[in-house]
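Below: the structure, in structure tokens.
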There are 6 protein chains.
Amino acid sequence: MGVVVQNIERADQSVIDRLAACGVATVHEAQGRKGLLASHMRPIYPGARLAASAVTISAPPGDNWMIHVAIEQLKAGDIMVLAPTSPCQDGYFGDLLATSALARGCKGLIIDAGVRDVADLTAMQFPVWSRAIFAQGTVKETLGSVNVPVVCAGALVHPGDVIIADDDGVCVVRREEATDVADKAEARVALEEDKRQRLAAGELGLDIYTMRDKLAAKGLKYV
Amino acid sequence: MGVVVQNIERADQSVIDRLAACGVATVHEAQGRKGLLASHMRPIYPGARLAASAVTISAPPGDNWMIHVAIEQLKAGDIMVLAPTSPCQDGYFGDLLATSALARGCKGLIIDAGVRDVADLTAMQFPVWSRAIFAQGTVKETLGSVNVPVVCAGALVHPGDVIIADDDGVCVVRREEATDVADKAEARVALEEDKRQRLAAGELGLDIYTMRDKLAAKGLKYV
Amino acid sequence: MGVVVQNIERADQSVIDRLAACGVATVHEAQGRKGLLASHMRPIYPGARLAASAVTISAPPGDNWMIHVAIEQLKAGDIMVLAPTSPCQDGYFGDLLATSALARGCKGLIIDAGVRDVADLTAMQFPVWSRAIFAQGTVKETLGSVNVPVVCAGALVHPGDVIIADDDGVCVVRREEATDVADKAEARVALEEDKRQRLAAGELGLDIYTMRDKLAAKGLKYV
Amino acid sequence: MGVVVQNIERADQSVIDRLAACGVATVHEAQGRKGLLASHMRPIYPGARLAASAVTISAPPGDNWMIHVAIEQLKAGDIMVLAPTSPCQDGYFGDLLATSALARGCKGLIIDAGVRDVADLTAMQFPVWSRAIFAQGTVKETLGSVNVPVVCAGALVHPGDVIIADDDGVCVVRREEATDVADKAEARVALEEDKRQRLAAGELGLDIYTMRDKLAAKGLKYV
Amino acid sequence: MGVVVQNIERADQSVIDRLAACGVATVHEAQGRKGLLASHMRPIYPGARLAASAVTISAPPGDNWMIHVAIEQLKAGDIMVLAPTSPCQDGYFGDLLATSALARGCKGLIIDAGVRDVADLTAMQFPVWSRAIFAQGTVKETLGSVNVPVVCAGALVHPGDVIIADDDGVCVVRREEATDVADKAEARVALEEDKRQRLAAGELGLDIYTMRDKLAAKGLKYV
Amino acid sequence: MGVVVQNIERADQSVIDRLAACGVATVHEAQGRKGLLASHMRPIYPGARLAASAVTISAPPGDNWMIHVAIEQLKAGDIMVLAPTSPCQDGYFGDLLATSALARGCKGLIIDAGVRDVADLTAMQFPVWSRAIFAQGTVKETLGSVNVPVVCAGALVHPGDVIIADDDGVCVVRREEATDVADKAEARVALEEDKRQRLAAGELGLDIYTMRDKLAAKGLKYV
């Protein structure tokens, strides 16, 4: 505790943009179904969809001091990822901090705790994925750390990893794997487009994916 | 496990339409307050309101194979009702399956588990009532059954039963009772309209329902 | 149980309006971070924001009889605050009761239980903050009380206290403290406006709040 | 609501005893992994293990009137199975009702709600599997039903079905299937005994169940 | 925040002892079913049963500083009642603090948060009723208050109120009402003893409480 | 997925033994309050206390195939740590697997899912810390991995890390840090022993830790 790592590696913006275009569900599939944050992480308003580089925050329960510290570390295109050191739903973040983060080019916030001023954040179109919406305030008394690895909502996030978030939730891609995952995700998108057209035309998945023999072999009975 | 029942009875479309017009809360009252699914079943977007015939799916946790099997059994006007065999919130269903289901005339999905691609499903106006929104994918390894009775979110659903769903949640009406319930529900609607006008005009429920004597008899004290 | 207090004190409307303008998060801070209801109390639709005088209801689980009794006690500008005597998520309240409450000038409902007919309530713009949306009906068999102190979602509410509610949740302000809290809340708003402009211009909270020395004294290390 | 079915069929005591000897996990496997109640159903003390015929109770939230009605319907060797009509954790049952039930030869209680006086019930060795331990009392105002089918903790229970309960939880076996399930469960027990000895001797499941080829075919890699 | 009230009134020890003898369920009934803490408050070991005077603690999330302050205020026969100012399950209390509290004659702890060192506390027979068992430590940075009114697990507790706790949970009795409640609770105990004997002898509650006519009037049908 | 790492480093047994002697709460403090698994991880019976080397398992929901694979990798003194790839409470593990694990010298199981046959496991004194007790069985269809890093109940666990578990829960210590943490934990134990004696003698923490000035400086008021 009490460490701020100032220089972190980030993925190329072009790769980040490619991942954003694919969305959470596709990216998660493309990287072998890993890196998904828990389903309790929900957006404060529908429709936001982004990818960004993680600036991570490890913070004590009910103490948002480290967010002020983290904001100084933000570069344009970053997203903050806050994991409390024990379960907490206090409102660590509101419209003043969002104003400050926006001034640094921040893309949003992922927080396994609470957020407040959500009407203002919605008006500002500052997207947040959180565990709770809760007006309960926090103190500024105890140190945490910035840009250290954290486990956020069940997923391990390193500083500089790529966060993809949309209405389906939040997924993290390791920075080193971002290009490979983007390749695979785009391949899935292409593949899915073909399948979508065949399915829309009335073809069955049973036939497209040739499942009938396998189902029969397992013993499926039609009565 | 491992059974697909191909021919199920369905209620008359006219009855289904009458139930849709009454909505979940009224239908639930009309049938004696039974058949309601648990309150954790929430729509992925507000405003959908429908009634449809249930094609039921019993599926293993984290395995959506049977949805492909079920889609072949769909007739226009059906809704799929999926109950996992043990608690699970994985995303069994997304936009590709919705495309396929729509091509069969499917009206929507009731799933006591997770769903993903909700932005796409919303754009397609394919309504889903689910326990969770979660991008976590599933496998296709283990058989389940289609069109067998299931307990979904605490309610017993037989194939061909009528599902009513709106912003209040989801209710099931036994196929054999659908006409009777529709009669009673419509009678409630008529009755409520009269009460609504009297209440809007400032009359009190205490007087409309002649509650004052009963309250006094129970011992209510005004101080 | 079984008591209706008919004459309660209310705060001045002008003070109530001032609190409404400040919103839940600011009022909660202004009164020393007390009086917040639990984060499970969520609005049935986004965007409502109000302050009103509490008419409190203590009701048995699954029994909404006392709401009829409470409606007679409403004055224009009041809000009902219902606490069940044991945990319950049944739908105590729907569009008929809302019609009746609106006819009395009621501003909304705070209920640590369920609500139904939410599509209608949304169309009527009758705001409700609740623990659940659930079509499950209730009976009218057992007495409760109206306008007695209740603990609602973890917060103590006296009749006549001021309820502030918006997208962040619900906060209660003691009637006797309402003017003082309004003063403090407005002072916070003024102060925040100045900070917002400085933060928007790129100044850091670390500097505005002169945190750097304190962080260093605690041992924060930049690496 | 408001029906008491007085004559129900029960399984033979000899079959019930055979099922008791096998325990919940084995019986659940033997009948194809169905009939298990949700994992929130926990015993109030460890070590109880039984099977008994279900006398079912459908009761309103917070109202235990029907338990008095049900006790009259009990025969020696029965167990009560109570499902509230909406979620509730009130303490429907305590030592007085247990005294009465014991006098009728009742074997215990399965309740998807709360129970109280658990120190006394433990001293009496009257086993209860419940959702909660909660001293909150109930009223006697509203009718429910006795010996109708209920969904209890997610499982469908018909009156006269066999309930198996132990430290692992609770499982229901349809009366008509009880003999067949007992046969299969005992076969499993015999089979498991052989495997237990081989495993205890250090043989691996990988070899006993000849899994190595199948794992390799799926692509498992040892590194 | 930041206040320690040093002189509080306590109920007479004789009354406290009488309440202890009656137990939580009976006391809760005797005072009209109020004052019960939520069912998530569970004892760390079975069998403890006590009544004691409340020394209340309002503490920030994850900060146990005020427990040290509270211990100085303890008199022999007191129990500490800690309510965090926002939801928290951190382990505020362990064997060192228990050693200190025991040295002051403290009877136990009620905490709507976490506790740790439970094996040691069990060996010391220092009873705790808590929301969680969690080894997560706390800091000592932020003030709270001692001996102010708190809402703990949904119940309002004033300093000096009588806490009754046993395997059924925790109940609070207002100090001013303690004698009256003790009278009523003892009357219930006497009454219940008579009923227990009649029920044990096989008489039915339906007859003892003369419920048959009322059930018939409500429309109960035996089939 | 689908990888088994066969050779992992383990900490020295002497260090593991030293950590076991200190217990979860002390070890967690000693390593700076990190590595604690979530509070929902509870022992199936009280009193177990151990430290062991982690053999990690990443398994699909409802599929326990990888446990068989993992058992072959066990060395005497190891503990299995299973994290499902999505939330699941199925009973992955019972008495047969425990028999096999015991034959390999396994010390126990940490599983962020369910376990069954708990009466047998208790009789065998095979300790398990789990999220749930649930008889629901699993399949053997889909690969997972053994001895890869996993996030289990919110904590990152590498194969070969030291797991400490007792009635307070479960904590993980990185293998590389085990000796350092053991040193610090033993130092804490020594320090605590002195404090325990002073506290037992009636000295106050306020004085032992010289808190009075700091409290006064923060503004604590005694009234």
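Ordering of the structure tokens sets the chain letters (A, B, ...); residue numbers start at 1 within each chain; ligands are numbered from 1 in the order shown.
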Excluding Gly144 of chain B and any residue of its chain fewer than 5 positions from it, enumerate the residues within 12 Å of it, using only C-alpha atoms, and give them as a CSV table (one decimal) with all heavy atoms, in the first residue's frame.
chain,number,residue,atom,x,y,z
A,215,LEU,N,-25.9,-34.8,-31.2
A,215,LEU,CA,-27.0,-34.9,-30.3
A,215,LEU,C,-27.5,-36.3,-30.2
A,215,LEU,O,-27.8,-36.9,-29.1
A,215,LEU,CB,-28.1,-33.9,-30.7
A,215,LEU,CG,-27.8,-32.4,-30.4
A,215,LEU,CD1,-28.8,-31.6,-31.2
A,215,LEU,CD2,-27.9,-32.1,-28.9
A,218,LYS,N,-25.3,-38.6,-28.3
A,218,LYS,CA,-25.4,-38.4,-26.8
A,218,LYS,C,-26.7,-39.0,-26.3
A,218,LYS,O,-26.9,-39.1,-25.1
A,218,LYS,CB,-25.4,-36.9,-26.5
A,218,LYS,CG,-24.1,-36.2,-26.7
A,218,LYS,CD,-23.3,-36.3,-25.3
A,218,LYS,CE,-22.0,-35.4,-25.5
A,218,LYS,NZ,-21.2,-35.4,-24.3
A,219,GLY,N,-27.6,-39.3,-27.2
A,219,GLY,CA,-28.8,-40.0,-26.8
A,219,GLY,C,-30.1,-39.2,-26.8
A,219,GLY,O,-31.1,-39.6,-26.1
A,220,LEU,N,-30.1,-38.0,-27.4
A,220,LEU,CA,-31.3,-37.2,-27.4
A,220,LEU,C,-32.4,-37.9,-28.1
A,220,LEU,O,-32.2,-38.4,-29.2
A,220,LEU,CB,-31.0,-35.8,-28.1
A,220,LEU,CG,-32.1,-34.8,-28.0
A,220,LEU,CD1,-32.3,-34.3,-26.6
A,220,LEU,CD2,-31.8,-33.6,-28.9
A,221,LYS,N,-33.5,-37.9,-27.5
A,221,LYS,CA,-34.7,-38.6,-28.0
A,221,LYS,C,-35.8,-37.6,-28.4
A,221,LYS,O,-36.2,-36.8,-27.5
A,221,LYS,CB,-35.3,-39.6,-27.0
A,221,LYS,CG,-34.4,-40.8,-26.8
A,221,LYS,CD,-35.1,-41.8,-25.9
A,221,LYS,CE,-34.1,-43.0,-25.6
A,221,LYS,NZ,-32.9,-42.5,-25.0
B,1,MET,N,-33.6,-36.4,-18.6
B,1,MET,CA,-32.9,-35.5,-19.4
B,1,MET,C,-32.7,-36.2,-20.8
B,1,MET,O,-32.8,-37.4,-21.0
B,1,MET,CB,-31.4,-35.3,-18.9
B,1,MET,CG,-31.4,-34.4,-17.7
B,1,MET,SD,-31.8,-32.7,-18.2
B,1,MET,CE,-33.2,-32.4,-17.1
B,2,GLY,N,-32.6,-35.3,-21.8
B,2,GLY,CA,-32.4,-35.8,-23.2
B,2,GLY,C,-33.6,-36.2,-23.9
B,2,GLY,O,-33.6,-37.1,-24.7
B,3,VAL,N,-34.7,-35.4,-23.6
B,3,VAL,CA,-36.0,-35.7,-24.3
B,3,VAL,C,-36.5,-34.4,-25.0
B,3,VAL,O,-36.4,-33.3,-24.4
B,3,VAL,CB,-37.0,-36.2,-23.3
B,3,VAL,CG1,-38.4,-36.3,-24.0
B,3,VAL,CG2,-36.6,-37.5,-22.7
B,4,VAL,N,-37.0,-34.5,-26.2
B,4,VAL,CA,-37.6,-33.4,-26.9
B,4,VAL,C,-39.0,-33.8,-27.2
B,4,VAL,O,-39.2,-34.7,-28.0
B,4,VAL,CB,-36.8,-33.0,-28.2
B,4,VAL,CG1,-37.5,-31.8,-28.8
B,4,VAL,CG2,-35.4,-32.8,-27.9
B,5,VAL,N,-40.0,-33.1,-26.6
B,5,VAL,CA,-41.4,-33.3,-26.9
B,5,VAL,C,-41.7,-32.4,-28.1
B,5,VAL,O,-41.6,-31.2,-28.0
B,5,VAL,CB,-42.2,-33.1,-25.7
B,5,VAL,CG1,-43.7,-33.3,-26.1
B,5,VAL,CG2,-41.8,-34.0,-24.6
B,56,THR,N,-40.6,-24.9,-23.4
B,56,THR,CA,-39.7,-25.0,-22.2
B,56,THR,C,-38.4,-25.6,-22.5
B,56,THR,O,-38.3,-26.5,-23.3
B,56,THR,CB,-40.4,-25.7,-21.0
B,56,THR,OG1,-40.7,-27.0,-21.4
B,56,THR,CG2,-41.7,-25.0,-20.6
B,57,ILE,N,-37.4,-25.2,-21.8
B,57,ILE,CA,-36.1,-25.8,-21.9
B,57,ILE,C,-35.5,-26.0,-20.5
B,57,ILE,O,-35.4,-25.1,-19.7
B,57,ILE,CB,-35.1,-24.8,-22.7
B,57,ILE,CG1,-35.7,-24.4,-24.0
B,57,ILE,CG2,-33.7,-25.4,-22.9
B,57,ILE,CD1,-35.0,-23.2,-24.7
B,58,SER,N,-35.1,-27.3,-20.3
B,58,SER,CA,-34.3,-27.6,-19.1
B,58,SER,C,-32.9,-27.8,-19.5
B,58,SER,O,-32.6,-28.7,-20.3
B,58,SER,CB,-34.9,-28.9,-18.5
B,58,SER,OG,-34.0,-29.3,-17.4
B,59,ALA,N,-32.0,-27.0,-19.0
B,59,ALA,CA,-30.6,-27.0,-19.5
B,59,ALA,C,-29.6,-27.1,-18.4
B,59,ALA,O,-29.8,-26.5,-17.3
B,59,ALA,CB,-30.3,-25.7,-20.3
B,60,PRO,N,-28.5,-27.7,-18.6
B,60,PRO,CA,-27.4,-27.8,-17.6
B,60,PRO,C,-26.8,-26.4,-17.4
B,60,PRO,O,-26.9,-25.5,-18.2
B,60,PRO,CB,-26.4,-28.7,-18.2
B,60,PRO,CG,-27.0,-29.4,-19.3
B,60,PRO,CD,-28.1,-28.5,-19.8
B,61,PRO,N,-26.2,-26.2,-16.2
B,61,PRO,CA,-25.5,-24.9,-16.0
B,61,PRO,C,-24.4,-24.7,-17.0
B,61,PRO,O,-23.6,-25.6,-17.3
B,61,PRO,CB,-24.9,-25.1,-14.6
B,61,PRO,CG,-24.9,-26.5,-14.3
B,61,PRO,CD,-26.0,-27.2,-15.1
B,62,GLY,N,-24.4,-23.5,-17.6
B,62,GLY,CA,-23.3,-23.1,-18.5
B,62,GLY,C,-23.3,-23.9,-19.8
B,62,GLY,O,-22.3,-24.0,-20.4
B,63,ASP,N,-24.5,-24.4,-20.3
B,63,ASP,CA,-24.6,-25.2,-21.5
B,63,ASP,C,-25.8,-24.8,-22.2
B,63,ASP,O,-26.9,-25.1,-21.8
B,63,ASP,CB,-24.6,-26.7,-21.1
B,63,ASP,CG,-24.3,-27.6,-22.3
B,63,ASP,OD1,-25.0,-27.4,-23.4
B,63,ASP,OD2,-23.5,-28.5,-22.2
B,64,ASN,N,-25.7,-24.2,-23.4
B,64,ASN,CA,-26.9,-23.7,-24.1
B,64,ASN,C,-27.2,-24.5,-25.4
B,64,ASN,O,-28.0,-24.1,-26.2
B,64,ASN,CB,-26.7,-22.2,-24.5
B,64,ASN,CG,-25.7,-22.1,-25.7
B,64,ASN,OD1,-25.0,-23.0,-26.1
B,64,ASN,ND2,-25.7,-20.9,-26.3
B,65,TRP,N,-26.7,-25.8,-25.4
B,65,TRP,CA,-27.0,-26.6,-26.5
B,65,TRP,C,-28.5,-26.8,-26.8
B,65,TRP,O,-28.9,-26.8,-28.0
B,65,TRP,CB,-26.3,-28.0,-26.3
B,65,TRP,CG,-25.9,-28.7,-27.5
B,65,TRP,CD1,-25.8,-28.3,-28.8
B,65,TRP,CD2,-25.4,-30.1,-27.5
B,65,TRP,NE1,-25.3,-29.2,-29.6
B,65,TRP,CE2,-25.0,-30.4,-28.8
B,65,TRP,CE3,-25.1,-31.0,-26.5
B,65,TRP,CZ2,-24.5,-31.6,-29.2
B,65,TRP,CZ3,-24.6,-32.3,-26.9
B,65,TRP,CH2,-24.3,-32.5,-28.2
B,66,MET,N,-29.2,-26.9,-25.7
B,66,MET,CA,-30.7,-27.2,-25.9
B,66,MET,C,-31.4,-26.0,-26.5
B,66,MET,O,-32.5,-26.2,-27.1
B,66,MET,CB,-31.3,-27.6,-24.6
B,66,MET,CG,-30.9,-29.0,-24.2
B,66,MET,SD,-31.4,-30.3,-25.4
B,66,MET,CE,-29.8,-30.8,-25.9
B,67,ILE,N,-30.9,-24.8,-26.5
B,67,ILE,CA,-31.6,-23.7,-27.1
B,67,ILE,C,-31.6,-23.9,-28.6
B,67,ILE,O,-32.6,-23.7,-29.3
B,67,ILE,CB,-30.9,-22.4,-26.8
B,67,ILE,CG1,-31.0,-22.1,-25.3
B,67,ILE,CG2,-31.6,-21.2,-27.5
B,67,ILE,CD1,-30.4,-20.8,-24.8
B,68,HIS,N,-30.5,-24.4,-29.2
B,68,HIS,CA,-30.5,-24.7,-30.6
B,68,HIS,C,-31.6,-25.8,-30.9
B,68,HIS,O,-32.3,-25.7,-31.9
B,68,HIS,CB,-29.2,-25.3,-31.1
B,68,HIS,CG,-28.1,-24.2,-31.1
B,68,HIS,ND1,-28.0,-23.4,-32.2
B,68,HIS,CD2,-27.2,-23.8,-30.2
B,68,HIS,CE1,-27.0,-22.5,-31.9
B,68,HIS,NE2,-26.5,-22.8,-30.8
B,69,VAL,N,-31.7,-26.8,-30.1
B,69,VAL,CA,-32.7,-27.8,-30.2
B,69,VAL,C,-34.1,-27.2,-30.1
B,69,VAL,O,-35.0,-27.6,-30.9
B,69,VAL,CB,-32.5,-29.0,-29.2
B,69,VAL,CG1,-33.7,-30.0,-29.3
B,69,VAL,CG2,-31.2,-29.6,-29.5
B,70,ALA,N,-34.3,-26.3,-29.2
B,70,ALA,CA,-35.6,-25.8,-28.9
B,70,ALA,C,-36.1,-24.9,-30.1
B,70,ALA,O,-37.3,-24.8,-30.4
B,70,ALA,CB,-35.6,-25.0,-27.6
B,82,LEU,N,-36.4,-20.9,-20.3
B,82,LEU,CA,-35.3,-21.7,-19.9
B,82,LEU,C,-35.0,-21.7,-18.4
B,82,LEU,O,-34.9,-20.7,-17.8
B,82,LEU,CB,-34.0,-21.2,-20.7
B,82,LEU,CG,-32.8,-22.2,-20.5
B,82,LEU,CD1,-31.9,-22.1,-21.8
B,82,LEU,CD2,-32.0,-21.9,-19.3
B,83,ALA,N,-35.0,-22.9,-17.8
B,83,ALA,CA,-34.6,-23.1,-16.4
B,83,ALA,C,-33.4,-23.9,-16.4
B,83,ALA,O,-33.3,-25.1,-16.8
B,83,ALA,CB,-35.8,-23.8,-15.7
B,84,PRO,N,-32.3,-23.4,-15.8
B,84,PRO,CA,-31.1,-24.2,-15.6
B,84,PRO,C,-31.3,-25.2,-14.5
B,84,PRO,O,-32.1,-25.0,-13.6
B,84,PRO,CB,-30.0,-23.2,-15.2
B,84,PRO,CG,-30.8,-22.1,-14.6
B,84,PRO,CD,-32.1,-22.0,-15.2
B,85,THR,N,-30.6,-26.4,-14.6
B,85,THR,CA,-30.8,-27.4,-13.6
B,85,THR,C,-30.1,-27.1,-12.3
B,85,THR,O,-30.4,-27.8,-11.3
B,85,THR,CB,-30.4,-28.8,-14.2
B,85,THR,OG1,-29.0,-28.6,-14.6
B,85,THR,CG2,-31.2,-29.2,-15.3
B,150,VAL,N,-41.0,-27.5,-16.3
B,150,VAL,CA,-39.8,-27.0,-15.5
B,150,VAL,C,-40.3,-26.1,-14.4
B,150,VAL,O,-41.4,-25.5,-14.5
B,150,VAL,CB,-38.9,-26.2,-16.5
B,150,VAL,CG1,-38.3,-27.1,-17.6
B,150,VAL,CG2,-39.6,-25.0,-17.1
D,32,GLY,N,-31.5,-39.1,-11.3
D,32,GLY,CA,-31.2,-38.3,-12.5
D,32,GLY,C,-31.0,-36.8,-12.2
D,32,GLY,O,-31.3,-35.9,-13.0
D,33,ARG,N,-30.5,-36.5,-11.0
D,33,ARG,CA,-30.2,-35.1,-10.6
D,33,ARG,C,-31.4,-34.2,-10.7
D,33,ARG,O,-31.3,-33.1,-11.3
D,33,ARG,CB,-29.1,-34.6,-11.4
D,33,ARG,CG,-27.8,-35.3,-11.1
D,33,ARG,CD,-26.6,-34.7,-11.9
D,33,ARG,NE,-25.5,-35.5,-11.6
D,33,ARG,CZ,-24.3,-35.5,-12.2
D,33,ARG,NH1,-24.2,-34.6,-13.2
D,33,ARG,NH2,-23.3,-36.2,-11.9
D,34,LYS,N,-32.5,-34.6,-10.2
D,34,LYS,CA,-33.7,-33.7,-10.1
D,34,LYS,C,-34.2,-33.7,-8.7
D,34,LYS,O,-33.8,-34.6,-7.9
D,34,LYS,CB,-34.8,-34.1,-11.1
D,34,LYS,CG,-35.4,-35.5,-10.8
D,34,LYS,CD,-36.5,-35.8,-11.8
D,34,LYS,CE,-37.2,-37.1,-11.4
D,34,LYS,NZ,-38.2,-37.6,-12.3
Those in segment 22-127 of chain B with helix (DSSP H, G or I) from DSSP, as a ChimeraX atom specification: /B:22,24-30,65-73,95-103,118-124
Spatial neighbours of Asp166 of chain A, max dist 6 Å, only C-alpha atoms, sep filter under 3 positions, as a ChimeraX atom specification: /A:48-49,169
Go through chain E and flag each residue having an atom no more than 8 Å from chain A; for those, report the closest pair of atoms plus their distance in Å to one decimal, using only C-alpha atoms, ordered by chain and rising number, as CSV.
residue,atom,partner,partner_atom,distance
E:Pro60,CA,A:Gly62,CA,7.9
E:Pro61,CA,A:Gly62,CA,6.1
E:Gly62,CA,A:Pro61,CA,6.1
E:Ser86,CA,A:Asp90,CA,7.0
E:Pro87,CA,A:Cys88,CA,6.8
E:Cys88,CA,A:Cys88,CA,6.2
E:Gln89,CA,A:Pro87,CA,7.2
E:Asp90,CA,A:Ser86,CA,7.0
E:Gln136,CA,A:Ser86,CA,7.2
E:Glu141,CA,A:Glu141,CA,6.3
E:Thr142,CA,A:Glu141,CA,7.3
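Of the listed residues A:Leu74, A:Thr210, A:Tyr222, A:Glu9, the one whose atoms come nearest to Ser145 of chain B is A:Tyr222, with distances taken using only C-alpha atoms.
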Polymer residues at most 10 Å from segment 19-29 of chain B, only C-alpha atoms, same-chain spacing of 2 or more positions, as a PyMOL selection string: (chain B and resi 13-17+31-36+49-52+162-173+178-179+181-189+192) or (chain C and resi 91+94+116-118+134-138)
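Using only C-alpha atoms, the nearest neighbour of Gly114 of chain A within the list C:Ile8, C:Ile208, C:Val223, C:Ala38 is C:Ala38.
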Best match for closeness to Gly47 of chain F among E:Asp78, E:Gln6, E:Tyr92, E:Thr122, counting only C-alpha atoms: E:Thr122
Test item: residues at most 7 Å from segment 98-113 of chain E, only C-alpha atoms, excluding those fewer than 3 positions along its chain, as a PyMOL selection string: (chain E and resi 41+52+71+74-84+88-90+94-95+126-132+152-153) or (chain F and resi 196+199-202+204)
Residue set, segment 6-211 of chain E restricted to strand (DSSP E or B), as a PyMOL selection string: chain E and resi 36+42-43+50-59+63+78-84+91+108-115+128-133+139+145-146+150-152+155-157+162-166+169-173
